[in-house]
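Student: The structure follows.
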Amino acid sequence: AEASYEVLVPTNLPEGWVAVRARWTPVGQPGLGGDPVPGDTWQLGMLSPERTYLGLDQRDVAVEPFVADATRKGRLDGASEVAGRSWQRYVSEDGRTRSLVLRAEGVAVVSGDLPYPALEAFASTLAPVR
C-alpha cells in the first residue's frame, strides 16, 4: 500500500517453490547493508524446486546503482520479451548470474544463477499486488 509503483509478486508458481525472504524498506530506512535506502525497496527471495535462489528486487528511484547491485555489476546482454513487456538482459562479470531488468515506474530486477529461459519463466508469473 505504501509503494509508489506496482509491487510485483509471483503467481501460480508450480509446486515446490519456497519464499525465503520478503522485505519492504521505505525510503530512508536501513537496507540490507545497513545504509538508508534512497527509494522504496521491495525484495523477494525464492528457492526453486531445484533449490536455486531467484531474487526479485524493485525500487522507485536511484535505479542505476540499484540495478548494478542487483545484477552483480552485470553488463547488458540483449533483451527478452516476457508477457508483452521488454526486459533487458544482464550477465555478471563472472558469467554466473543472469538478470532481467524491467524499467517501468522505477525498476524491477529478476536475477539468479540460471539461464535466461528459466528467469523468463519466473518473470512470466509476476503480477502486481492488488
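Residue numbering restarts at 1 in every chain; chains get A, B, ... in the order shown in the C-alpha cells, and ligands count up from 1 in that same order.
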To test your reading of the structure, identify every residue in stretch 23-67 of chain A that backbone DSSP assigns to strand (DSSP E), and report it as a VMD selection string.
Tutor: chain A and resid 23 to 25 41 to 47 53 to 59
Student: Set the distance at 12 Å and use only C-alpha atoms: which residues neighbour stretch 110-115 of chain A once local chain neighbours fewer than 3 positions away are removed? I'd like the list as number ranges by chain.
Tutor: A: 8-10, 42-48, 50-58, 67-74, 82, 87-92, 94-103, 107, 118-126
Student: So the first atom is atom CA of A:Val27 and the second is atom CA of A:Thr41; what is the distance between them in Å, to one decimal place?
Tutor: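 These atoms are spaced 7.4 Å apart.
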Student: Atom CA of A:Pro30 and atom CA of A:Val7 are how many Å apart?
Tutor: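 That distance, rounded to one decimal, is 19.5 Å.
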Student: When distances are computed from only C-alpha atoms, which of A:Pro49, A:Asp77, A:Ala83, A:Ala127 shows the smallest separation from A:Trp17?
Tutor: A:Pro49
Student: Can you pull out every residue from chain A that DSSP, working from the backbone, puts in alpha helix (DSSP H), and format the result as a list in words?
Tutor: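 The alpha helix (DSSP H) subset of chain A is Val63, Glu64, Pro65, Phe66, Val67, Ala68, Asp69, Ala70, Tyr116, Pro117, Ala118, Leu119, Glu120, Ala121, Phe122 and Ala123 of chain A.
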Student: Export, as a compact mmCIF listing (two decimals), in the first residue's frame, the selected residues with C-alpha atoms.
Tutor:
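result.txt written:
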# COMPACT_ATOMS: atom_id res chain seq x y z
CA VAL A 63 17.68 2.91 -10.19
CA GLU A 64 21.12 2.73 -11.85
CA PRO A 65 23.09 1.96 -8.67
CA PHE A 66 20.28 -0.40 -7.66
CA VAL A 67 20.50 -2.27 -10.99
CA ALA A 68 24.28 -2.52 -10.63
CA ASP A 69 23.90 -4.08 -7.17
CA ALA A 70 21.02 -6.40 -8.08
CA TYR A 116 17.67 -16.70 -19.31
CA PRO A 117 14.76 -19.03 -20.23
CA ALA A 118 14.38 -20.01 -16.54
CA LEU A 119 14.40 -16.34 -15.49
CA GLU A 120 11.87 -15.56 -18.23
CA ALA A 121 9.59 -18.36 -16.99
CA PHE A 122 9.72 -16.91 -13.46
CA ALA A 123 9.21 -13.34 -14.72
Student: Distance atom CA of A:Ala3-atom CA of A:Asp40, one decimal place?
Tutor: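 Result for atom CA of A:Ala3 versus atom CA of A:Asp40: 6.6 Å, one decimal.
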Student: Residues at most 6 Å from A:Gly106, counting only C-alpha atoms, excluding those fewer than 2 positions away in the same chain, as a ChimeraX atom specification?
Tutor: /A:59-60,103-104
